[in-house]
>>> print(open('work_32.csv').read())   # CSV, C-alpha atoms
chain,number,residue,atom,x,y,z
A,1,MET,CA,-14.8,3.7,20.1
A,2,LYS,CA,-17.9,1.7,19.5
A,3,ILE,CA,-16.0,-0.7,17.3
A,4,GLN,CA,-13.3,-1.0,20.0
A,5,LYS,CA,-16.0,-1.9,22.5
A,6,LEU,CA,-17.6,-4.4,20.2
A,7,ARG,CA,-14.2,-6.0,19.6
A,8,TRP,CA,-13.5,-6.5,23.3
A,9,PHE,CA,-17.1,-7.7,23.9
A,10,SER,CA,-16.8,-10.3,21.1
A,11,ILE,CA,-13.4,-11.5,22.4
A,12,ALA,CA,-14.7,-11.7,25.9
A,13,ALA,CA,-17.8,-13.6,24.7
A,14,CYS,CA,-15.7,-16.1,22.7
A,15,VAL,CA,-13.3,-16.7,25.6
A,16,LEU,CA,-16.2,-17.2,28.0
A,17,LEU,CA,-18.1,-19.5,25.7
A,18,THR,CA,-15.0,-21.6,25.1
A,19,LEU,CA,-14.3,-21.9,28.8
A,20,LEU,CA,-17.9,-22.9,29.4
A,21,ALA,CA,-17.7,-25.5,26.6
A,22,VAL,CA,-14.4,-26.9,28.0
A,23,TRP,CA,-15.8,-27.0,31.5
A,24,ASP,CA,-18.9,-28.8,30.2
A,25,ALA,CA,-16.7,-31.3,28.3
A,26,LEU,CA,-14.5,-32.0,31.3
A,27,ALA,CA,-17.3,-32.2,33.9
A,28,HIS,CA,-19.9,-34.1,31.9
A,29,HIS,CA,-18.3,-35.9,28.9
A,30,SER,CA,-15.0,-37.2,30.3
A,31,GLY,CA,-13.0,-34.5,28.5
A,32,ARG,CA,-14.0,-35.3,24.9
A,33,LEU,CA,-12.4,-32.8,22.4
A,34,VAL,CA,-10.2,-31.5,25.3
A,35,TYR,CA,-7.8,-34.4,25.5
A,36,PRO,CA,-6.3,-35.8,22.3
A,37,MET,CA,-8.2,-38.8,20.8
A,38,GLU,CA,-7.2,-41.4,18.4
A,39,SER,CA,-10.2,-41.2,16.1
A,40,TYR,CA,-13.2,-38.9,16.1
A,41,SER,CA,-16.9,-39.8,15.7
A,42,PHE,CA,-19.6,-37.3,16.2
A,43,GLN,CA,-21.7,-37.3,19.4
A,44,ALA,CA,-24.5,-34.9,20.3
A,45,SER,CA,-22.6,-34.0,23.5
A,46,ASP,CA,-19.8,-32.5,21.3
A,47,ILE,CA,-22.2,-29.7,20.1
A,48,PRO,CA,-21.3,-27.1,22.7
A,49,MET,CA,-17.6,-27.5,22.1
A,50,LEU,CA,-18.0,-27.5,18.3
A,51,LEU,CA,-20.1,-24.4,18.5
A,52,ALA,CA,-17.6,-22.6,20.7
A,53,ILE,CA,-14.7,-23.5,18.4
A,54,THR,CA,-16.7,-22.4,15.3
A,55,LEU,CA,-17.6,-19.1,17.0
A,56,ASP,CA,-13.9,-18.6,17.9
A,57,ALA,CA,-12.9,-19.3,14.3
A,58,VAL,CA,-15.6,-17.0,12.8
A,59,CYS,CA,-14.7,-14.2,15.3
A,60,ILE,CA,-11.0,-14.4,14.5
A,61,LEU,CA,-11.6,-14.5,10.8
A,62,TYR,CA,-14.1,-11.5,11.0
A,63,TRP,CA,-11.6,-9.3,13.0
A,64,PHE,CA,-8.7,-10.3,10.7
A,65,ILE,CA,-10.6,-9.4,7.5
A,66,LYS,CA,-11.9,-6.2,9.1
A,67,ALA,CA,-8.3,-5.2,10.1
A,68,VAL,CA,-7.0,-6.0,6.6
A,69,LEU,CA,-9.8,-3.9,5.0
A,70,ALA,CA,-9.3,-1.0,7.4
A,71,GLN,CA,-5.5,-1.1,6.7
A,72,ARG,CA,-6.2,-1.1,3.0
A,73,LYS,CA,-8.7,1.8,3.3
A,74,ARG,CA,-6.1,3.8,5.3
A,75,ILE,CA,-3.5,3.2,2.7
A,76,ILE,CA,-5.8,4.4,-0.1
A,77,ASP,CA,-7.1,7.4,1.9
A,78,THR,CA,-3.7,8.6,3.1
A,79,ASN,CA,-1.5,7.3,0.2
A,80,ARG,CA,1.0,6.2,2.9
A,81,THR,CA,2.5,2.8,3.5
A,82,ARG,CA,1.1,0.7,6.4
A,83,LYS,CA,2.3,1.3,9.9
A,84,LEU,CA,4.5,-1.6,11.0
A,85,ASN,CA,7.0,-2.2,13.7
A,86,PRO,CA,10.3,-3.4,12.3
A,87,LYS,CA,10.6,-5.8,15.3
A,88,LEU,CA,7.9,-8.0,13.5
A,89,GLY,CA,10.8,-9.2,11.4
A,90,ILE,CA,11.6,-11.5,14.3
A,91,LEU,CA,8.6,-13.6,13.0
A,92,GLY,CA,11.0,-14.7,10.3
A,93,LEU,CA,12.5,-17.0,12.9
A,94,LEU,CA,9.4,-19.1,12.4
A,95,GLY,CA,11.0,-20.2,9.2
A,96,PHE,CA,13.4,-22.4,11.2
A,97,LEU,CA,10.3,-24.6,12.0
A,98,GLY,CA,10.7,-25.9,8.5
A,99,PHE,CA,13.7,-27.9,9.7
A,100,LEU,CA,11.3,-29.9,11.8
A,101,GLY,CA,10.5,-31.6,8.5
A,102,PHE,CA,13.8,-33.4,8.6
A,103,TRP,CA,12.6,-35.1,11.7
A,104,THR,CA,8.9,-35.6,11.0
A,105,TRP,CA,9.5,-37.0,7.5
A,106,PRO,CA,11.6,-40.0,8.5
A,107,ALA,CA,9.7,-40.6,11.7
A,108,TYR,CA,6.1,-40.0,10.6
A,109,ARG,CA,6.2,-39.5,6.8
A,110,MET,CA,4.9,-36.0,7.5
A,111,TYR,CA,6.2,-33.4,5.0
A,112,THR,CA,4.0,-30.4,5.9
A,113,PRO,CA,6.6,-28.8,8.3
A,114,PHE,CA,8.7,-28.1,5.2
A,115,CYS,CA,6.1,-25.5,4.3
A,116,PHE,CA,7.2,-23.4,7.3
A,117,PHE,CA,10.3,-22.3,5.4
A,118,ILE,CA,8.0,-19.8,3.8
A,119,PHE,CA,8.0,-17.8,7.0
A,120,PHE,CA,11.6,-16.8,6.4
A,121,GLY,CA,10.0,-14.2,4.1
A,122,PHE,CA,8.8,-12.4,7.3
A,123,PHE,CA,12.4,-11.2,7.8
A,124,GLY,CA,11.3,-8.6,5.2
A,125,PHE,CA,9.3,-6.9,8.0
A,126,PHE,CA,12.6,-5.5,9.2
A,127,PHE,CA,12.8,-3.4,6.1
A,128,GLU,CA,9.1,-2.8,5.6
A,129,GLY,CA,9.0,-1.5,9.2
A,130,LYS,CA,11.8,1.0,8.4
A,131,MET,CA,9.6,2.4,5.6
A,132,SER,CA,6.5,2.4,7.7
A,133,ASP,CA,4.1,5.3,7.2
A,134,THR,CA,6.0,6.6,4.2
A,135,LEU,CA,4.3,8.8,1.5
A,136,MET,CA,3.9,6.7,-1.6
A,137,ASP,CA,4.8,9.2,-4.3
A,138,GLU,CA,5.7,8.3,-7.9
A,139,ARG,CA,9.3,7.5,-7.1
A,140,TYR,CA,8.2,5.1,-4.4
A,141,ARG,CA,5.7,3.4,-6.7
A,142,GLU,CA,8.3,3.1,-9.4
A,143,ASN,CA,10.8,1.5,-7.0
A,144,ALA,CA,8.1,-0.8,-5.6
A,145,ALA,CA,7.2,-2.1,-9.1
A,146,HIS,CA,10.9,-2.5,-9.9
A,147,ALA,CA,11.6,-4.4,-6.7
A,148,GLN,CA,8.6,-6.6,-7.2
A,149,THR,CA,9.6,-7.5,-10.7
A,150,ASP,CA,13.2,-8.3,-9.7
A,151,ALA,CA,12.1,-10.3,-6.7
A,152,CYS,CA,9.6,-12.4,-8.8
A,153,ARG,CA,12.3,-12.9,-11.5
A,154,ILE,CA,14.8,-14.2,-8.9
A,155,GLY,CA,12.1,-16.4,-7.2
A,156,LEU,CA,11.0,-17.9,-10.5
A,157,SER,CA,14.6,-18.5,-11.5
A,158,ALA,CA,15.2,-20.4,-8.3
A,159,VAL,CA,12.1,-22.6,-9.0
A,160,PHE,CA,13.3,-23.1,-12.5
A,161,PHE,CA,16.8,-24.0,-11.4
A,162,LEU,CA,15.4,-26.4,-8.8
A,163,THR,CA,13.0,-28.1,-11.2
A,164,VAL,CA,15.0,-28.3,-14.3
A,165,LEU,CA,18.6,-28.5,-13.1
A,166,VAL,CA,18.1,-30.4,-9.8
A,167,ALA,CA,15.0,-32.6,-10.2
A,168,GLY,CA,15.3,-33.0,-13.9
A,169,PRO,CA,18.5,-35.0,-14.2
A,170,ALA,CA,17.4,-37.2,-11.3
A,171,GLU,CA,14.4,-38.3,-13.3
A,172,GLY,CA,13.9,-42.1,-12.9
A,173,ARG,CA,16.5,-42.4,-10.2
A,174,MET,CA,14.5,-40.4,-7.6
A,175,SER,CA,11.2,-41.6,-6.0
A,176,ALA,CA,8.2,-39.4,-6.3
A,177,GLU,CA,8.3,-38.8,-2.6
A,178,THR,CA,11.8,-37.4,-2.7
A,179,ALA,CA,10.9,-35.2,-5.7
A,180,LEU,CA,7.9,-33.9,-3.7
A,181,LEU,CA,10.1,-33.1,-0.8
A,182,ILE,CA,12.7,-31.3,-2.9
A,183,LEU,CA,10.0,-29.3,-4.7
A,184,LEU,CA,8.0,-28.5,-1.6
A,185,THR,CA,11.1,-27.3,0.2
A,186,GLY,CA,12.4,-25.4,-2.8
A,187,ILE,CA,9.2,-23.7,-3.7
A,188,SER,CA,8.7,-22.7,0.0
A,189,LEU,CA,12.2,-21.2,0.1
A,190,SER,CA,11.7,-19.5,-3.3
A,191,MET,CA,8.4,-17.9,-2.1
A,192,ALA,CA,10.1,-16.8,1.1
A,193,LEU,CA,12.9,-15.3,-1.0
A,194,THR,CA,10.4,-13.5,-3.2
A,195,ILE,CA,8.5,-12.1,-0.3
A,196,PHE,CA,11.7,-11.0,1.4
A,197,LEU,CA,13.4,-9.6,-1.7
A,198,SER,CA,10.3,-7.6,-2.8
A,199,VAL,CA,10.6,-5.6,0.5
A,200,TYR,CA,14.4,-5.6,0.8
A,201,LEU,CA,15.0,-4.4,-2.8
A,202,LEU,CA,12.4,-1.7,-2.4
A,203,TYR,CA,14.2,-0.5,0.7
A,204,ARG,CA,17.6,-0.6,-1.2
A,205,TYR,CA,16.3,1.2,-4.3
A,206,ASP,CA,14.5,3.8,-2.3
A,207,ARG,CA,17.4,4.6,0.1
A,208,GLU,CA,20.6,3.9,-1.7
A,209,GLU,CA,22.4,6.7,-3.6
A,210,PRO,CA,22.9,5.9,-7.3
A,211,GLU,CA,26.4,5.9,-8.6
A,212,GLU,CA,27.5,9.1,-10.3
A,213,PRO,CA,27.6,8.7,-14.1
B,1,MET,CA,21.2,12.3,-18.5
B,2,PHE,CA,20.1,15.8,-17.9
B,3,VAL,CA,21.0,19.0,-16.0
B,4,CYS,CA,18.5,20.0,-13.3
B,5,ASN,CA,18.3,23.6,-12.3
B,6,LEU,CA,15.5,23.0,-9.8
B,7,LYS,CA,17.6,24.1,-6.8
B,8,ILE,CA,18.2,27.5,-8.4
B,9,PHE,CA,14.5,28.1,-9.1
B,10,ARG,CA,13.5,26.7,-5.7
B,11,LEU,CA,15.8,29.0,-3.8
B,12,GLN,CA,14.7,32.0,-6.0
B,13,LYS,CA,11.1,31.2,-4.9
B,14,GLY,CA,12.3,30.9,-1.2
B,15,LEU,CA,11.2,27.4,-0.8
B,16,THR,CA,12.8,24.6,1.2
B,17,GLN,CA,12.9,21.1,-0.2
B,18,GLU,CA,10.3,20.0,2.3
B,19,GLN,CA,8.0,22.9,1.4
B,20,LEU,CA,8.3,22.2,-2.4
B,21,ALA,CA,7.8,18.4,-1.7
B,22,GLU,CA,4.6,19.1,0.2
B,23,LYS,CA,3.3,21.5,-2.5
B,24,VAL,CA,3.8,18.9,-5.3
B,25,GLY,CA,2.8,15.9,-3.3
B,26,VAL,CA,6.1,14.0,-3.1
B,27,ARG,CA,8.7,13.2,-0.5
B,28,ARG,CA,11.6,15.4,0.3
B,29,GLU,CA,13.9,12.6,-0.8
B,30,THR,CA,12.4,12.8,-4.3
B,31,ILE,CA,13.1,16.5,-4.6
B,32,MET,CA,16.6,15.8,-3.4
B,33,ARG,CA,17.1,13.2,-6.1
B,34,LEU,CA,15.6,15.5,-8.7
B,35,GLU,CA,18.0,18.3,-7.8
B,36,LYS,CA,20.9,15.8,-8.2
B,37,ALA,CA,19.5,14.8,-11.6
B,38,GLN,CA,19.3,11.2,-10.3
B,39,TYR,CA,15.6,10.8,-11.0
B,40,ASN,CA,13.5,11.3,-14.1
B,41,PRO,CA,10.1,12.8,-13.1
B,42,SER,CA,6.8,12.0,-14.7
B,43,LEU,CA,5.3,14.7,-16.9
B,44,LYS,CA,2.8,15.5,-14.3
B,45,LEU,CA,5.4,16.0,-11.6
B,46,ALA,CA,7.5,18.1,-13.9
B,47,VAL,CA,4.5,20.3,-14.7
B,48,ASP,CA,3.6,20.6,-11.0
B,49,ILE,CA,7.1,21.6,-10.1
B,50,SER,CA,7.2,24.1,-13.0
B,51,ARG,CA,4.0,25.8,-11.9
B,52,THR,CA,5.1,25.8,-8.2
B,53,VAL,CA,8.5,27.4,-8.8
B,54,GLY,CA,7.2,29.6,-11.6
B,55,ALA,CA,9.7,28.6,-14.3
B,56,PRO,CA,9.3,26.8,-17.6
B,57,ILE,CA,10.0,23.0,-17.6
B,58,GLU,CA,12.7,23.3,-20.3
B,59,GLU,CA,14.7,25.7,-18.1
B,60,ILE,CA,14.4,23.5,-15.0
B,61,PHE,CA,15.3,20.2,-16.7
B,62,VAL,CA,17.8,20.9,-19.4
B,63,PHE,CA,18.5,18.0,-21.8
B,64,PRO,CA,21.7,18.3,-23.9
>>> encode(input="work_32.csv", output="structure tokens")
Amino acid sequence: MKIQKLRWFSIAACVLLTLLAVWDALAHHSGRLVYPMESYSFQASDIPMLLAITLDAVCILYWFIKAVLAQRKRIIDTNRTRKLNPKLGILGLLGFLGFLGFWTWPAYRMYTPFCFFIFFGFFGFFFEGKMSDTLMDERYRENAAHAQTDACRIGLSAVFFLTVLVAGPAEGRMSAETALLILLTGISLSMALTIFLSVYLLYRYDREEPEEP
Amino acid sequence: MFVCNLKIFRLQKGLTQEQLAEKVGVRRETIMRLEKAQYNPSLKLAVDISRTVGAPIEEIFVFP
């Protein structure tokens, strides 16, 4: 209860301080750090806004780490999987943001959006959610290790295929930038595949009936 | 594989799959797989089951 109060108090304080800093910037410093600017050079008048942003970042980071540690402690104490809503699988749609790269690359030479392909891995939450709060007995742990191994093997095979069989033969005929794009996209997709498969395969191994010998 | 007589010993002891699972610290699905001889238990689990149903391991899990 005390932690809950502290959490709401810190969130309220962060929001209030940020609003005050924005008001200060808009009212007294012609909206510096509020409106987009071409290039940034430090001014003493930026200090309230910078402090507010830093405080927000520290607060978010603190509560995130605290939530992760609490989740981990609960898993160890109860020996059950984490509680998760399968609907979080919708976050996998964020992976489609990766296609923005096909627009930002030719237009602005920006290739970072390709990294968003990694979010396709969040589709795994559909399956993790279905196994939410499950007792992790020895069969579960065996299946988890089996699924993890298979997922990593498939992911690494995808990277190997991409590097050796796709980028390899094009050596010399492909610019370094194109190779970077292919590798960045491929590695992001491989990681997404690994994240997704490690959960999906666990679900399959755990639920499916083995064939009769 | 092996033949699993767990169901016979469990019923003799008057336990449901759920109750046995709870006593040995696994899920009901694991007991179900064991009874169908679709899962090889660890030595610890085999011993725990043997003690719970009060039967020797070699009679519960029969290897040809």
>>> atom_distance(input="work_32.csv", atom1="CA of Met32 in chain B", atom2="CA of Glu18 in chain B")
9.5 Å
>>> atom_distance(input="work_32.csv", atom1="CA of Ile49 in chain B", atom2="CA of Leu135 in chain A")
17.5 Å
>>> closest_atom_pairs(input="work_32.csv", of="chain A", to="chain B", cutoff="8 Å", atoms="only C-alpha atoms", output="CSV")
residue,atom,partner,partner_atom,distance
A:Leu135,CA,B:Arg27,CA,6.5
A:Met136,CA,B:Val26,CA,7.8
A:Asp137,CA,B:Val26,CA,5.1
A:Glu138,CA,B:Val26,CA,7.5
A:Arg139,CA,B:Thr30,CA,6.7
A:Pro210,CA,B:Gln38,CA,7.1
>>> residues_around(input="work_32.csv", residues="range 185-194 of chain A", least_positions_apart="2", cutoff="7 Å", atoms="only C-alpha atoms", output="PyMOL selection string")
chain A and resi 114-115+117-121+151-152+155+158-159+162+181-183+196-198
>>> residues_around(input="work_32.csv", residues="range 56-59 of chain B", least_positions_apart="3", cutoff="9 Å", atoms="all atoms listed in the file", output="ChimeraX atom specification")
/B:4-6,46-47,49-51,53,62-63
>>> atom_distance(input="work_32.csv", atom1="CA of Thr81 in chain A", atom2="CA of Asp133 in chain A")
4.7 Å
>>> closest_residue(input="work_32.csv", among="B:Asp48, B:Val3, B:Phe61, B:Ala55", to="Leu20 in chain B", atoms="all atoms listed in the file")
B:Asp48
>>> residues_around(input="work_32.csv", residues="Ile31 in chain B", least_positions_apart="4", cutoff="7 Å", atoms="all atoms listed in the file", output="ChimeraX atom specification")
/B:17,21,27,35
>>> closest_residue(input="work_32.csv", among="A:Pro48, A:Ser132, A:Ala176, A:Ala57", to="Arg80 in chain A", atoms="all atoms listed in the file")
A:Ser132
>>> decode(input="work_32.csv", residues="range 181-192 of chain A", atoms="N, CA and C atoms", output="PDB file, in the first residue's frame")
ATOM      1  N   LEU A 181      21.907  -2.804 -44.591  1.00  0.00           N
ATOM      2  CA  LEU A 181      20.441  -2.863 -44.544  1.00  0.00           C
ATOM      3  C   LEU A 181      19.948  -4.306 -44.508  1.00  0.00           C
ATOM      4  N   ILE A 182      20.533  -5.126 -45.383  1.00  0.00           N
ATOM      5  CA  ILE A 182      20.103  -6.534 -45.426  1.00  0.00           C
ATOM      6  C   ILE A 182      20.382  -7.207 -44.089  1.00  0.00           C
ATOM      7  N   LEU A 183      21.582  -6.968 -43.553  1.00  0.00           N
ATOM      8  CA  LEU A 183      21.939  -7.615 -42.288  1.00  0.00           C
ATOM      9  C   LEU A 183      21.094  -7.096 -41.125  1.00  0.00           C
ATOM     10  N   LEU A 184      20.873  -5.771 -41.102  1.00  0.00           N
ATOM     11  CA  LEU A 184      20.079  -5.177 -40.025  1.00  0.00           C
ATOM     12  C   LEU A 184      18.650  -5.727 -40.048  1.00  0.00           C
ATOM     13  N   THR A 185      18.074  -5.753 -41.249  1.00  0.00           N
ATOM     14  CA  THR A 185      16.707  -6.267 -41.382  1.00  0.00           C
ATOM     15  C   THR A 185      16.668  -7.754 -41.027  1.00  0.00           C
ATOM     16  N   GLY A 186      17.635  -8.484 -41.572  1.00  0.00           N
ATOM     17  CA  GLY A 186      17.665  -9.932 -41.353  1.00  0.00           C
ATOM     18  C   GLY A 186      17.877 -10.292 -39.902  1.00  0.00           C
ATOM     19  N   ILE A 187      18.812  -9.590 -39.246  1.00  0.00           N
ATOM     20  CA  ILE A 187      19.090  -9.903 -37.837  1.00  0.00           C
ATOM     21  C   ILE A 187      17.884  -9.516 -36.966  1.00  0.00           C
ATOM     22  N   SER A 188      17.249  -8.385 -37.291  1.00  0.00           N
ATOM     23  CA  SER A 188      16.055  -7.995 -36.520  1.00  0.00           C
ATOM     24  C   SER A 188      14.961  -9.040 -36.665  1.00  0.00           C
ATOM     25  N   LEU A 189      14.745  -9.501 -37.904  1.00  0.00           N
ATOM     26  CA  LEU A 189      13.708 -10.515 -38.132  1.00  0.00           C
ATOM     27  C   LEU A 189      14.077 -11.841 -37.468  1.00  0.00           C
ATOM     28  N   SER A 190      15.370 -12.186 -37.507  1.00  0.00           N
ATOM     29  CA  SER A 190      15.810 -13.437 -36.870  1.00  0.00           C
ATOM     30  C   SER A 190      15.598 -13.382 -35.367  1.00  0.00           C
ATOM     31  N   MET A 191      15.911 -12.217 -34.778  1.00  0.00           N
ATOM     32  CA  MET A 191      15.716 -12.087 -33.332  1.00  0.00           C
ATOM     33  C   MET A 191      14.238 -12.163 -32.987  1.00  0.00           C
ATOM     34  N   ALA A 192      13.411 -11.512 -33.825  1.00  0.00           N
ATOM     35  CA  ALA A 192      11.960 -11.577 -33.598  1.00  0.00           C
ATOM     36  C   ALA A 192      11.489 -13.027 -33.683  1.00  0.00           C
TER      37      ALA A 192
END
